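Student: A single structure is presented below for examination.
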Amino acid sequence: MIDYIKLHVKAGDGGRGCVGWRHEKFYPNGGPFGGDGGDGGDVWFQVDTNETTLTKLRFTKSVRAGDGQAGMTKKMHGKSGEDAVVQVPLGTMVRNAANHDLLADLTVPGQKVLVAHGGRGGLGNYHFATSRNDTPEYAQPGEPGESLDLIVELRLLADAGIIGFPSVGKSTFLSIVTAARPEIAAYPFTTIEPNIGVVSLPDERGFVLADMPGLIEGAGEGKGLGHEFLRHIKRCRVLIHVIDMSGEERNPVEDYEIINKELAAYDMELEKKPQIVVANKMDDEYAPEYLAEFKAKYPELKVFEISALRHQGLDAVLYATMEAIENARKTENENLESVEATVVYRYEPKRPDFKIVNYGAHRFKVESEKIDRLFDSTNFDNEEEVYQFGATLSKMGVDKALREAGAVDGDQVIVGSFLMDFKE
């Protein structure tokens, strides 16, 4: 199953503003008439319920939105770039690969989240006409769109997840209580990707049930299917722990202890999830003996005895699971209400757009993603663009910040890839 990929996304760049002039009858003085550039397209992630894995993105290295078109004369606005929409399955999480910040958690059918903003189109030259300069030869370049490396991870959304060692009867259980048809065979690791089905009870209640690949000892450290399996059960409200009571291959007590140990090793929250303990293969002649040994070891546990092969004891498990799911939902709703009731609104000052670094020896550096993008889009062979670049930095407060950091006339300042002289 493809459920973890890395992807580069690039939003569209804004189109350049136009330097244009009015040449029309009855307007002898003309004047600046250049239009604005179009905005770059955005990159979105959207839930597609027809998708169940990230397979379609497996060989996709990057996604790019369309660039905005340049502005045109007669104040005509350039066309905005087309958005790029990445279709992903329900339960997909999108993180910034650089700092692992969660950018999107897609848990609702049809949900659409903006991940990378397109660059703003540049202003045409008619915006820059002043009483001192009524023929500006300058138009803004378009801003570059955001560029990000992402980690896209799928975590299945199921009310209940079936866990246990390989070949304990998990897939058989799922195939009987739902319409799912997982592969079933008499060898370990038949299930190599999660299977999902819907349980419909006679009282018209129901829940989503997932059969997870079998665990082995050391799974919490990534052995076997390890983390590929464990990440999916983090969103399950209830776990159905199926244990083979026949004792043919393994000891049921040891199996139960090992599975819970691996859950805790991966994430302590998994150990706290409600568990429905199911003793399967009770039709075996030695099963009662192993069950008695298990109950003696864990007298406080309620154990549901079933034979998935003979369809015996299943209803009790399903109703108990439904009750546990409803209790979990109720707790979730109460927690949400308590969080909403205690929301505190604070004033948080806006983060500065730049940072001044003093390297000593009369050398400084201006660190800023915003200024770097402006630098990349400026044509330094054009005198007016250079002037506008400097005016923008001054307006942002860069000159003042440099003086406060100790810069004086003649000091060197690094902006982008240029080394400039500082002057008052």
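For the structure tokens, the naming scheme is as follows: chains receive sequential letters (A, B, ...) according to their order of presentation, residues are indexed from 1 within each chain, and ligands are indexed from 1 in presentation order.
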Write out as a ChimeraX atom specification each polymer residue whose atoms come within 8 Å of Glu384 of chain A, counting only C-alpha atoms; drop sequence neighbours fewer than 3 positions from it.
Tutor: /A:137-138,387-388
Student: Which residues are near His8 of chain A? Cut-off 12 Å, only C-alpha atoms, ignore same chain within fewer than 5 positions. Put them as JSON, numbers by chain.
Tutor: {"A": [43, 57, 59, 60, 61, 62, 63, 64, 65, 86, 94, 95, 96, 97, 98, 115, 116, 146, 147, 148, 149, 150, 151, 152]}
Student: If you count only C-alpha atoms, which residues fall within 6 Å of Asp48 of chain A, apart from same-chain ones fewer than 4 positions away, as a list in words?
Tutor: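 So the residues in contact are Gln87, Val88 and Pro89 of chain A.
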Student: Between atom CA of Glu143 of chain A and atom CA of Phe354 of chain A, what is the spacing in Å?
Tutor: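 Atom CA of Phe354 of chain A sits 16.9 Å away from atom CA of Glu143 of chain A.
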Student: Would you pick out the contacts of segment 267-284 of chain A at 10 Å or less, using only C-alpha atoms, so that residues sharing its chain but fewer than 4 positions from it are not included, and give the list as an mmCIF file with N, CA and C atoms, in the first residue's frame?
Tutor:
```cif
data_model
loop_
_atom_site.group_PDB
_atom_site.id
_atom_site.type_symbol
_atom_site.label_atom_id
_atom_site.label_comp_id
_atom_site.auth_asym_id
_atom_site.auth_seq_id
_atom_site.Cartn_x
_atom_site.Cartn_y
_atom_site.Cartn_z
ATOM 1 N N ALA A 160 -13.236 1.311 14.097
ATOM 2 C CA ALA A 160 -12.604 0.206 14.833
ATOM 3 C C ALA A 160 -11.565 -0.460 13.949
ATOM 4 N N GLY A 161 -10.485 -0.896 14.565
ATOM 5 C CA GLY A 161 -9.428 -1.592 13.845
ATOM 6 C C GLY A 161 -9.176 -2.959 14.450
ATOM 7 N N ILE A 162 -9.018 -3.955 13.602
ATOM 8 C CA ILE A 162 -8.748 -5.321 14.067
ATOM 9 C C ILE A 162 -7.240 -5.503 14.143
ATOM 10 N N ILE A 163 -6.732 -5.854 15.311
ATOM 11 C CA ILE A 163 -5.300 -6.042 15.492
ATOM 12 C C ILE A 163 -5.016 -7.460 15.976
ATOM 13 N N GLY A 164 -3.773 -7.866 15.865
ATOM 14 C CA GLY A 164 -3.373 -9.194 16.318
ATOM 15 C C GLY A 164 -2.220 -9.711 15.491
ATOM 16 N N VAL A 168 -4.343 -15.032 12.769
ATOM 17 C CA VAL A 168 -5.204 -15.312 13.932
ATOM 18 C C VAL A 168 -6.683 -15.255 13.549
ATOM 19 N N GLY A 169 -6.985 -14.887 12.295
ATOM 20 C CA GLY A 169 -8.367 -14.863 11.845
ATOM 21 C C GLY A 169 -8.939 -13.472 11.653
ATOM 22 N N LYS A 170 -8.103 -12.466 11.561
ATOM 23 C CA LYS A 170 -8.605 -11.079 11.416
ATOM 24 C C LYS A 170 -9.345 -10.890 10.098
ATOM 25 N N PHE A 173 -12.673 -12.693 10.040
ATOM 26 C CA PHE A 173 -13.654 -11.948 10.825
ATOM 27 C C PHE A 173 -14.236 -10.808 10.002
ATOM 28 N N GLY A 220 7.029 -2.022 16.893
ATOM 29 C CA GLY A 220 7.122 -0.652 17.380
ATOM 30 C C GLY A 220 8.416 0.016 16.985
ATOM 31 N N LEU A 230 1.185 0.588 12.103
ATOM 32 C CA LEU A 230 0.820 1.278 13.342
ATOM 33 C C LEU A 230 0.282 2.683 13.108
ATOM 34 N N ARG A 231 0.728 3.358 12.053
ATOM 35 C CA ARG A 231 0.252 4.717 11.832
ATOM 36 C C ARG A 231 -1.246 4.740 11.527
ATOM 37 N N ILE A 233 -3.681 2.759 12.808
ATOM 38 C CA ILE A 233 -4.612 2.522 13.916
ATOM 39 C C ILE A 233 -4.673 3.703 14.883
ATOM 40 N N LYS A 234 -3.845 4.721 14.676
ATOM 41 C CA LYS A 234 -3.870 5.876 15.584
ATOM 42 C C LYS A 234 -5.211 6.597 15.543
ATOM 43 N N ARG A 235 -5.932 6.483 14.419
ATOM 44 C CA ARG A 235 -7.211 7.175 14.302
ATOM 45 C C ARG A 235 -8.405 6.274 14.607
ATOM 46 N N CYS A 236 -8.176 5.020 14.859
ATOM 47 C CA CYS A 236 -9.282 4.135 15.228
ATOM 48 C C CYS A 236 -9.732 4.462 16.647
ATOM 49 N N ARG A 237 -11.048 4.514 16.855
ATOM 50 C CA ARG A 237 -11.566 4.806 18.191
ATOM 51 C C ARG A 237 -11.459 3.593 19.111
ATOM 52 N N VAL A 238 -11.629 2.407 18.536
ATOM 53 C CA VAL A 238 -11.649 1.169 19.320
ATOM 54 C C VAL A 238 -10.810 0.115 18.598
ATOM 55 N N LEU A 239 -10.134 -0.723 19.354
ATOM 56 C CA LEU A 239 -9.343 -1.807 18.788
ATOM 57 C C LEU A 239 -9.986 -3.146 19.130
ATOM 58 N N ILE A 240 -10.146 -3.996 18.123
ATOM 59 C CA ILE A 240 -10.612 -5.368 18.344
ATOM 60 C C ILE A 240 -9.387 -6.262 18.295
ATOM 61 N N HIS A 241 -9.002 -6.758 19.456
ATOM 62 C CA HIS A 241 -7.767 -7.543 19.578
ATOM 63 C C HIS A 241 -8.103 -9.019 19.444
ATOM 64 N N VAL A 242 -7.789 -9.593 18.292
ATOM 65 C CA VAL A 242 -8.106 -11.001 18.009
ATOM 66 C C VAL A 242 -6.924 -11.877 18.414
ATOM 67 N N ILE A 243 -7.220 -12.908 19.225
ATOM 68 C CA ILE A 243 -6.191 -13.821 19.725
ATOM 69 C C ILE A 243 -6.549 -15.242 19.299
ATOM 70 N N ASP A 244 -5.568 -15.970 18.787
ATOM 71 C CA ASP A 244 -5.753 -17.370 18.390
ATOM 72 C C ASP A 244 -5.678 -18.250 19.639
ATOM 73 N N MET A 245 -6.838 -18.785 20.057
ATOM 74 C CA MET A 245 -6.883 -19.602 21.273
ATOM 75 C C MET A 245 -6.607 -21.067 21.023
ATOM 76 N N SER A 246 -6.329 -21.437 19.781
ATOM 77 C CA SER A 246 -6.047 -22.852 19.510
ATOM 78 C C SER A 246 -4.684 -23.257 20.036
ATOM 79 N N GLY A 247 -3.770 -22.269 20.141
ATOM 80 C CA GLY A 247 -2.427 -22.571 20.637
ATOM 81 C C GLY A 247 -1.592 -23.379 19.681
ATOM 82 N N GLU A 248 -2.007 -23.473 18.429
ATOM 83 C CA GLU A 248 -1.271 -24.310 17.470
ATOM 84 C C GLU A 248 0.094 -23.730 17.127
ATOM 85 N N PRO A 252 -1.339 -17.850 23.537
ATOM 86 C CA PRO A 252 -2.236 -16.687 23.547
ATOM 87 C C PRO A 252 -1.841 -15.614 24.551
ATOM 88 N N TYR A 256 -0.874 -11.698 23.461
ATOM 89 C CA TYR A 256 -1.574 -10.538 23.991
ATOM 90 C C TYR A 256 -0.588 -9.532 24.589
ATOM 91 N N ILE A 259 1.675 -7.831 21.698
ATOM 92 C CA ILE A 259 0.962 -6.833 20.896
ATOM 93 C C ILE A 259 0.813 -5.524 21.662
ATOM 94 N N ASN A 260 0.390 -5.599 22.917
ATOM 95 C CA ASN A 260 0.206 -4.385 23.708
ATOM 96 C C ASN A 260 1.529 -3.684 23.990
ATOM 97 N N LYS A 261 2.567 -4.451 24.131
ATOM 98 C CA LYS A 261 3.893 -3.861 24.322
ATOM 99 C C LYS A 261 4.313 -3.074 23.080
ATOM 100 N N GLU A 262 4.036 -3.628 21.892
ATOM 101 C CA GLU A 262 4.406 -2.942 20.654
ATOM 102 C C GLU A 262 3.577 -1.677 20.442
ATOM 103 N N LEU A 263 2.307 -1.708 20.835
ATOM 104 C CA LEU A 263 1.475 -0.512 20.727
ATOM 105 C C LEU A 263 2.045 0.614 21.580
ATOM 106 N N PRO A 288 -10.385 -24.405 24.942
ATOM 107 C CA PRO A 288 -10.847 -24.147 26.313
ATOM 108 C C PRO A 288 -9.712 -24.121 27.332
ATOM 109 N N TYR A 290 -6.496 -23.271 26.783
ATOM 110 C CA TYR A 290 -5.727 -22.031 26.635
ATOM 111 C C TYR A 290 -6.543 -20.825 27.112
ATOM 112 N N LEU A 291 -7.857 -20.866 26.902
ATOM 113 C CA LEU A 291 -8.702 -19.774 27.358
ATOM 114 C C LEU A 291 -8.704 -19.692 28.883
ATOM 115 N N PHE A 294 -5.586 -18.102 29.936
ATOM 116 C CA PHE A 294 -5.601 -16.667 29.650
ATOM 117 C C PHE A 294 -6.423 -15.915 30.692
ATOM 118 N N LEU A 301 -10.246 -8.941 32.559
ATOM 119 C CA LEU A 301 -10.631 -8.714 31.169
ATOM 120 C C LEU A 301 -11.907 -9.459 30.809
ATOM 121 N N LYS A 302 -12.765 -8.789 30.033
ATOM 122 C CA LYS A 302 -13.914 -9.469 29.454
ATOM 123 C C LYS A 302 -13.477 -10.019 28.113
ATOM 124 N N VAL A 303 -13.576 -11.323 27.954
ATOM 125 C CA VAL A 303 -13.122 -11.990 26.741
ATOM 126 C C VAL A 303 -14.336 -12.524 25.981
ATOM 127 N N PHE A 304 -14.422 -12.171 24.698
ATOM 128 C CA PHE A 304 -15.511 -12.645 23.846
ATOM 129 C C PHE A 304 -15.048 -13.894 23.094
ATOM 130 N N GLU A 305 -15.754 -14.971 23.272
ATOM 131 C CA GLU A 305 -15.393 -16.250 22.654
ATOM 132 C C GLU A 305 -16.122 -16.397 21.310
ATOM 133 N N ILE A 306 -15.351 -16.614 20.263
ATOM 134 C CA ILE A 306 -15.953 -16.756 18.934
ATOM 135 C C ILE A 306 -15.273 -17.867 18.135
ATOM 136 N N SER A 307 -15.955 -18.269 17.096
ATOM 137 C CA SER A 307 -15.356 -19.105 16.057
ATOM 138 C C SER A 307 -15.727 -18.444 14.741
ATOM 139 N N ALA A 308 -14.792 -17.680 14.189
ATOM 140 C CA ALA A 308 -15.072 -16.977 12.933
ATOM 141 C C ALA A 308 -15.374 -17.962 11.819
ATOM 142 N N LEU A 309 -14.710 -19.108 11.847
ATOM 143 C CA LEU A 309 -14.915 -20.109 10.808
ATOM 144 C C LEU A 309 -16.354 -20.616 10.814
ATOM 145 N N ARG A 310 -16.928 -20.778 12.007
ATOM 146 C CA ARG A 310 -18.292 -21.299 12.129
ATOM 147 C C ARG A 310 -19.337 -20.200 12.373
ATOM 148 N N GLN A 312 -19.745 -18.169 14.873
ATOM 149 C CA GLN A 312 -20.317 -18.250 16.222
ATOM 150 C C GLN A 312 -19.782 -17.125 17.107
ATOM 151 N N GLY A 313 -20.691 -16.486 17.876
ATOM 152 C CA GLY A 313 -20.301 -15.481 18.861
ATOM 153 C C GLY A 313 -19.992 -14.112 18.306
ATOM 154 N N LEU A 314 -20.274 -13.867 17.028
ATOM 155 C CA LEU A 314 -19.867 -12.604 16.387
ATOM 156 C C LEU A 314 -20.736 -11.415 16.814
ATOM 157 N N VAL A 317 -19.656 -9.490 19.890
ATOM 158 C CA VAL A 317 -18.470 -8.667 19.644
ATOM 159 C C VAL A 317 -18.861 -7.357 18.956
ATOM 160 N N LEU A 318 -19.732 -7.443 17.959
ATOM 161 C CA LEU A 318 -20.119 -6.261 17.194
ATOM 162 C C LEU A 318 -20.884 -5.266 18.047
ATOM 163 N N ALA A 320 -20.746 -4.974 21.350
ATOM 164 C CA ALA A 320 -19.808 -4.413 22.325
ATOM 165 C C ALA A 320 -18.919 -3.357 21.677
ATOM 166 N N THR A 321 -18.506 -3.612 20.426
ATOM 167 C CA THR A 321 -17.690 -2.639 19.694
ATOM 168 C C THR A 321 -18.478 -1.370 19.424
ATOM 169 N N ALA A 324 -18.669 0.683 22.563
ATOM 170 C CA ALA A 324 -17.387 1.332 22.857
ATOM 171 C C ALA A 324 -17.143 2.519 21.922
ATOM 172 N N ILE A 325 -17.546 2.363 20.657
ATOM 173 C CA ILE A 325 -17.378 3.460 19.691
ATOM 174 C C ILE A 325 -18.244 4.651 20.085
ATOM 175 N N ASN A 327 -19.311 5.449 23.049
ATOM 176 C CA ASN A 327 -18.717 6.073 24.244
ATOM 177 C C ASN A 327 -17.515 6.936 23.864
ATOM 178 N N ALA A 328 -16.706 6.430 22.919
ATOM 179 C CA ALA A 328 -15.536 7.191 22.478
ATOM 180 C C ALA A 328 -15.961 8.483 21.776
#
```
Student: According to DSSP computed on the backbone, where in segment 211-305 of chain A is there strand (DSSP E or B)? Give the residues as a short mmCIF file (atom, residue, chain, number, x, y, z; two decimals) with all heavy atoms, in the first residue's frame.
Tutor:
```cif
data_model
loop_
_atom_site.label_atom_id
_atom_site.label_comp_id
_atom_site.auth_asym_id
_atom_site.auth_seq_id
_atom_site.Cartn_x
_atom_site.Cartn_y
_atom_site.Cartn_z
N ASP A 211 -9.32 -4.03 8.85
CA ASP A 211 -8.45 -5.17 9.17
C ASP A 211 -7.02 -4.76 8.86
O ASP A 211 -6.68 -4.46 7.71
CB ASP A 211 -8.89 -6.37 8.33
CG ASP A 211 -7.80 -7.43 8.23
OD1 ASP A 211 -7.03 -7.57 9.20
OD2 ASP A 211 -7.73 -8.12 7.19
N VAL A 238 -11.63 2.41 18.54
CA VAL A 238 -11.65 1.17 19.32
C VAL A 238 -10.81 0.11 18.60
O VAL A 238 -10.78 0.08 17.36
CB VAL A 238 -13.10 0.65 19.49
CG1 VAL A 238 -13.13 -0.68 20.23
CG2 VAL A 238 -13.96 1.68 20.21
N LEU A 239 -10.13 -0.72 19.35
CA LEU A 239 -9.34 -1.81 18.79
C LEU A 239 -9.99 -3.15 19.13
O LEU A 239 -10.34 -3.39 20.29
CB LEU A 239 -7.91 -1.77 19.32
CG LEU A 239 -7.14 -0.45 19.11
CD1 LEU A 239 -5.75 -0.56 19.70
CD2 LEU A 239 -7.07 -0.09 17.64
N ILE A 240 -10.15 -4.00 18.12
CA ILE A 240 -10.61 -5.37 18.34
C ILE A 240 -9.39 -6.26 18.30
O ILE A 240 -8.80 -6.46 17.23
CB ILE A 240 -11.64 -5.78 17.28
CG1 ILE A 240 -12.86 -4.86 17.32
CG2 ILE A 240 -12.07 -7.23 17.48
CD1 ILE A 240 -13.89 -5.15 16.24
N HIS A 241 -9.00 -6.76 19.46
CA HIS A 241 -7.77 -7.54 19.58
C HIS A 241 -8.10 -9.02 19.44
O HIS A 241 -8.65 -9.64 20.35
CB HIS A 241 -7.11 -7.26 20.93
CG HIS A 241 -5.72 -7.77 21.03
ND1 HIS A 241 -4.80 -7.26 21.92
CD2 HIS A 241 -5.05 -8.75 20.35
CE1 HIS A 241 -3.66 -7.91 21.79
NE2 HIS A 241 -3.79 -8.82 20.85
N VAL A 242 -7.79 -9.59 18.29
CA VAL A 242 -8.11 -11.00 18.01
C VAL A 242 -6.92 -11.88 18.41
O VAL A 242 -5.79 -11.64 18.01
CB VAL A 242 -8.44 -11.20 16.52
CG1 VAL A 242 -8.75 -12.67 16.24
CG2 VAL A 242 -9.62 -10.33 16.12
N ILE A 243 -7.22 -12.91 19.22
CA ILE A 243 -6.19 -13.82 19.73
C ILE A 243 -6.55 -15.24 19.30
O ILE A 243 -7.70 -15.67 19.43
CB ILE A 243 -6.09 -13.75 21.26
CG1 ILE A 243 -5.79 -12.31 21.70
CG2 ILE A 243 -5.01 -14.69 21.79
CD1 ILE A 243 -5.90 -12.09 23.20
N ASP A 244 -5.57 -15.97 18.79
CA ASP A 244 -5.75 -17.37 18.39
C ASP A 244 -5.68 -18.25 19.64
O ASP A 244 -4.61 -18.42 20.23
CB ASP A 244 -4.66 -17.75 17.40
CG ASP A 244 -4.77 -19.20 16.92
OD1 ASP A 244 -5.67 -19.91 17.40
OD2 ASP A 244 -3.96 -19.59 16.07
N GLN A 275 -10.08 -1.61 24.09
CA GLN A 275 -9.85 -2.86 23.38
C GLN A 275 -10.98 -3.84 23.65
O GLN A 275 -11.39 -4.03 24.79
CB GLN A 275 -8.52 -3.49 23.79
CG GLN A 275 -7.29 -2.92 23.14
CD GLN A 275 -6.06 -3.79 23.35
OE1 GLN A 275 -6.18 -5.01 23.55
NE2 GLN A 275 -4.89 -3.18 23.30
N ILE A 276 -11.45 -4.46 22.58
CA ILE A 276 -12.38 -5.59 22.69
C ILE A 276 -11.56 -6.84 22.46
O ILE A 276 -11.03 -7.06 21.37
CB ILE A 276 -13.51 -5.49 21.63
CG1 ILE A 276 -14.21 -4.13 21.69
CG2 ILE A 276 -14.48 -6.64 21.79
CD1 ILE A 276 -14.96 -3.87 22.98
N VAL A 277 -11.38 -7.64 23.51
CA VAL A 277 -10.53 -8.83 23.43
C VAL A 277 -11.38 -10.00 22.92
O VAL A 277 -12.39 -10.36 23.53
CB VAL A 277 -9.90 -9.17 24.79
CG1 VAL A 277 -9.02 -10.42 24.67
CG2 VAL A 277 -9.09 -7.98 25.30
N VAL A 278 -10.93 -10.58 21.79
CA VAL A 278 -11.69 -11.65 21.14
C VAL A 278 -10.85 -12.92 21.08
O VAL A 278 -9.74 -12.93 20.54
CB VAL A 278 -12.09 -11.22 19.71
CG1 VAL A 278 -12.80 -12.36 18.99
CG2 VAL A 278 -12.96 -9.98 19.75
N ALA A 279 -11.40 -13.99 21.67
CA ALA A 279 -10.74 -15.31 21.63
C ALA A 279 -11.29 -16.07 20.43
O ALA A 279 -12.43 -16.55 20.45
CB ALA A 279 -11.00 -16.07 22.93
N ASN A 280 -10.50 -16.18 19.38
CA ASN A 280 -10.95 -16.83 18.15
C ASN A 280 -10.52 -18.31 18.13
O ASN A 280 -9.69 -18.74 18.93
CB ASN A 280 -10.37 -16.10 16.94
CG ASN A 280 -11.00 -16.55 15.64
OD1 ASN A 280 -12.13 -17.08 15.63
ND2 ASN A 280 -10.30 -16.38 14.54
N VAL A 303 -13.58 -11.32 27.95
CA VAL A 303 -13.12 -11.99 26.74
C VAL A 303 -14.34 -12.52 25.98
O VAL A 303 -15.16 -13.25 26.54
CB VAL A 303 -12.15 -13.14 27.06
CG1 VAL A 303 -11.66 -13.79 25.77
CG2 VAL A 303 -10.97 -12.63 27.89
N PHE A 304 -14.42 -12.17 24.70
CA PHE A 304 -15.51 -12.64 23.85
C PHE A 304 -15.05 -13.89 23.09
O PHE A 304 -14.04 -13.86 22.38
CB PHE A 304 -15.93 -11.55 22.86
CG PHE A 304 -16.59 -10.37 23.51
CD1 PHE A 304 -15.82 -9.33 24.03
CD2 PHE A 304 -17.97 -10.30 23.63
CE1 PHE A 304 -16.42 -8.24 24.64
CE2 PHE A 304 -18.58 -9.21 24.23
CZ PHE A 304 -17.80 -8.18 24.74
N GLU A 305 -15.75 -14.97 23.27
CA GLU A 305 -15.39 -16.25 22.65
C GLU A 305 -16.12 -16.40 21.31
O GLU A 305 -17.35 -16.30 21.25
CB GLU A 305 -15.77 -17.41 23.58
CG GLU A 305 -15.12 -17.32 24.96
CD GLU A 305 -15.62 -18.41 25.90
OE1 GLU A 305 -15.99 -19.48 25.39
OE2 GLU A 305 -15.64 -18.17 27.12
#
```
Student: Leaving out segment 74-83 of chain A and any residue of its chain fewer than 5 positions from it, which residues lie within 8 Å of it when counting only C-alpha atoms, given as a PyMOL selection string?
Tutor: chain A and resi 12+14-15+20-22+33-44+65-69+124+126
Student: Generate the output file for the selected residues, N, CA and C atoms, as a PDB file, in the first residue's frame.
Tutor:
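File part.pdb, as written:
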```pdb
ATOM      1  N   GLY A  12       2.114  29.017  -8.613  1.00  0.00           N
ATOM      2  CA  GLY A  12       2.460  29.807  -9.787  1.00  0.00           C
ATOM      3  C   GLY A  12       3.024  31.170  -9.432  1.00  0.00           C
ATOM      4  N   GLY A  14       3.478  35.201 -10.011  1.00  0.00           N
ATOM      5  CA  GLY A  14       2.634  36.289 -10.504  1.00  0.00           C
ATOM      6  C   GLY A  14       3.184  36.867 -11.796  1.00  0.00           C
ATOM      7  N   GLY A  15       2.291  37.331 -12.666  1.00  0.00           N
ATOM      8  CA  GLY A  15       2.724  37.934 -13.930  1.00  0.00           C
ATOM      9  C   GLY A  15       3.275  39.345 -13.720  1.00  0.00           C
ATOM     10  N   GLY A  20       3.096  50.556 -20.159  1.00  0.00           N
ATOM     11  CA  GLY A  20       2.390  50.908 -21.388  1.00  0.00           C
ATOM     12  C   GLY A  20       1.944  52.359 -21.368  1.00  0.00           C
ATOM     13  N   TRP A  21       1.584  52.857 -22.576  1.00  0.00           N
ATOM     14  CA  TRP A  21       1.221  54.270 -22.698  1.00  0.00           C
ATOM     15  C   TRP A  21      -0.063  54.410 -23.500  1.00  0.00           C
ATOM     16  N   ARG A  22      -0.773  55.445 -23.175  1.00  0.00           N
ATOM     17  CA  ARG A  22      -2.051  55.682 -23.835  1.00  0.00           C
ATOM     18  C   ARG A  22      -1.816  56.417 -25.155  1.00  0.00           C
ATOM     19  N   PHE A  33      -0.364  53.623 -18.999  1.00  0.00           N
ATOM     20  CA  PHE A  33      -1.585  52.864 -19.267  1.00  0.00           C
ATOM     21  C   PHE A  33      -1.360  51.351 -19.158  1.00  0.00           C
ATOM     22  N   GLY A  34      -0.293  50.963 -18.434  1.00  0.00           N
ATOM     23  CA  GLY A  34       0.045  49.541 -18.325  1.00  0.00           C
ATOM     24  C   GLY A  34      -0.793  48.822 -17.271  1.00  0.00           C
ATOM     25  N   GLY A  35      -1.288  47.640 -17.609  1.00  0.00           N
ATOM     26  CA  GLY A  35      -2.138  46.858 -16.706  1.00  0.00           C
ATOM     27  C   GLY A  35      -1.348  45.982 -15.750  1.00  0.00           C
ATOM     28  N   ASP A  36      -2.067  45.438 -14.774  1.00  0.00           N
ATOM     29  CA  ASP A  36      -1.445  44.582 -13.752  1.00  0.00           C
ATOM     30  C   ASP A  36      -1.281  43.152 -14.256  1.00  0.00           C
ATOM     31  N   GLY A  37      -0.268  42.490 -13.724  1.00  0.00           N
ATOM     32  CA  GLY A  37      -0.073  41.076 -14.048  1.00  0.00           C
ATOM     33  C   GLY A  37      -1.065  40.202 -13.305  1.00  0.00           C
ATOM     34  N   GLY A  38      -1.327  39.021 -13.840  1.00  0.00           N
ATOM     35  CA  GLY A  38      -2.244  38.077 -13.199  1.00  0.00           C
ATOM     36  C   GLY A  38      -1.594  37.367 -12.024  1.00  0.00           C
ATOM     37  N   ASP A  39      -2.405  36.968 -11.070  1.00  0.00           N
ATOM     38  CA  ASP A  39      -1.884  36.234  -9.910  1.00  0.00           C
ATOM     39  C   ASP A  39      -1.515  34.808 -10.313  1.00  0.00           C
ATOM     40  N   GLY A  40      -0.518  34.255  -9.636  1.00  0.00           N
ATOM     41  CA  GLY A  40      -0.146  32.866  -9.868  1.00  0.00           C
ATOM     42  C   GLY A  40      -1.165  31.920  -9.260  1.00  0.00           C
ATOM     43  N   GLY A  41      -1.278  30.736  -9.814  1.00  0.00           N
ATOM     44  CA  GLY A  41      -2.222  29.747  -9.314  1.00  0.00           C
ATOM     45  C   GLY A  41      -1.791  29.182  -7.966  1.00  0.00           C
ATOM     46  N   ASP A  42      -2.747  28.738  -7.167  1.00  0.00           N
ATOM     47  CA  ASP A  42      -2.486  28.128  -5.863  1.00  0.00           C
ATOM     48  C   ASP A  42      -2.406  26.603  -6.004  1.00  0.00           C
ATOM     49  N   VAL A  43      -1.817  25.967  -4.989  1.00  0.00           N
ATOM     50  CA  VAL A  43      -1.798  24.507  -4.920  1.00  0.00           C
ATOM     51  C   VAL A  43      -2.720  24.068  -3.789  1.00  0.00           C
ATOM     52  N   TRP A  44      -3.703  23.228  -4.130  1.00  0.00           N
ATOM     53  CA  TRP A  44      -4.686  22.745  -3.171  1.00  0.00           C
ATOM     54  C   TRP A  44      -4.585  21.233  -3.034  1.00  0.00           C
ATOM     55  N   ALA A  65       1.509  24.789 -10.079  1.00  0.00           N
ATOM     56  CA  ALA A  65       0.348  25.552 -10.545  1.00  0.00           C
ATOM     57  C   ALA A  65       0.770  26.476 -11.678  1.00  0.00           C
ATOM     58  N   GLY A  66      -0.208  27.016 -12.388  1.00  0.00           N
ATOM     59  CA  GLY A  66       0.087  27.870 -13.529  1.00  0.00           C
ATOM     60  C   GLY A  66       0.554  29.260 -13.123  1.00  0.00           C
ATOM     61  N   ASP A  67       1.415  29.847 -13.949  1.00  0.00           N
ATOM     62  CA  ASP A  67       1.896  31.213 -13.712  1.00  0.00           C
ATOM     63  C   ASP A  67       0.868  32.224 -14.220  1.00  0.00           C
ATOM     64  N   GLY A  68       0.852  33.392 -13.574  1.00  0.00           N
ATOM     65  CA  GLY A  68      -0.003  34.470 -14.051  1.00  0.00           C
ATOM     66  C   GLY A  68       0.586  35.101 -15.303  1.00  0.00           C
ATOM     67  N   GLN A  69      -0.275  35.577 -16.182  1.00  0.00           N
ATOM     68  CA  GLN A  69       0.206  36.229 -17.404  1.00  0.00           C
ATOM     69  C   GLN A  69       0.564  37.688 -17.121  1.00  0.00           C
ATOM     70  N   GLY A 124       0.892  47.484 -12.802  1.00  0.00           N
ATOM     71  CA  GLY A 124       1.289  48.187 -14.020  1.00  0.00           C
ATOM     72  C   GLY A 124       1.795  49.585 -13.717  1.00  0.00           C
ATOM     73  N   TYR A 126       0.819  52.495 -14.468  1.00  0.00           N
ATOM     74  CA  TYR A 126      -0.089  53.609 -14.176  1.00  0.00           C
ATOM     75  C   TYR A 126      -0.274  53.803 -12.673  1.00  0.00           C
TER      76      TYR A 126
END
```
Student: Where does DSSP see alpha helix (DSSP H) in segment 20-174 of chain A, if you list the residues as JSON, numbers by chain?
Tutor: {"A": [170, 171, 172, 173, 174]}
Student: Take the residues just selected and output them with C-alpha atoms as a PDB file, in the first residue's frame.
Tutor:
```pdb
ATOM      1  CA  LYS A 170      -8.605 -11.079  11.416  1.00  0.00           C
ATOM      2  CA  SER A 171      -9.369 -11.153   7.695  1.00  0.00           C
ATOM      3  CA  THR A 172     -11.889 -13.984   8.139  1.00  0.00           C
ATOM      4  CA  PHE A 173     -13.654 -11.948  10.825  1.00  0.00           C
ATOM      5  CA  LEU A 174     -13.806  -8.894   8.543  1.00  0.00           C
TER       6      LEU A 174
END
```
